[in-house]
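Please read the structure below before turning to the comments.
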Amino acid sequence: MSFLLPCPHCGPRDVNEFGYAGEVSARPAGSPTVRELAGYVDFKRNVAGVQREWWHHRYGCDGWFVAERDTRTNEVLRTELPA
């Protein structure tokens, strides 16, 4: 399914211009155990609903940003540059 994804730099573009890089998750603090590190790398929440995701505008400005998207409908609620 194709949809428009608004790049914070370039404006709305076809989603095929972008690379999806997974949901935003919190890194383990300090010196994580192997189990904590594996959980961070390999296990995602994969919600059916609104989630925050990393996107890369690979065929445009080459910028990275965070999008808040409803995974059930592909409705993009907002996009923003990372802090």
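Ligands are numbered from 1 in the order shown, residues from 1 within each chain, and chains are lettered A, B, ... in the order they appear in the structure tokens.
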
Subject >> Residues within 12 Å of segment 17-23 of chain A, only C-alpha atoms, excluding chain neighbours under 6 positions, as JSON, numbers by chain >> reply: {"A": [2, 3, 4, 5, 6, 7, 10, 11, 40, 41, 42, 43, 44, 45, 46, 47, 50, 51, 52, 53, 54, 55, 56, 57, 58, 59, 60, 61, 62, 63, 64, 65, 66, 67, 68, 69, 70, 71]}

Original post:
Where in chain A does DSSP assign strand (DSSP E or B), given as a ChimeraX atom specification?
Top reply: /A:4-7,11-14,19-23,50-56,64-70,75-80

Original post:
Which parts of chain A does DSSP call alpha helix (DSSP H) when run on the backbone here, written out as a list of chain:residue names?
Top reply: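 So, restricting chain A to alpha helix (DSSP H), we get A:Val34, A:Arg35, A:Glu36, A:Leu37, A:Ala38, A:Gly39, A:Tyr40, A:Val41, A:Asp42.
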
Original post:
Rounded to one decimal in Å, what is the spacing between atom CA of Ala48 of chain A and atom CA of Asp14 of chain A?
Top reply: 22.2 Å
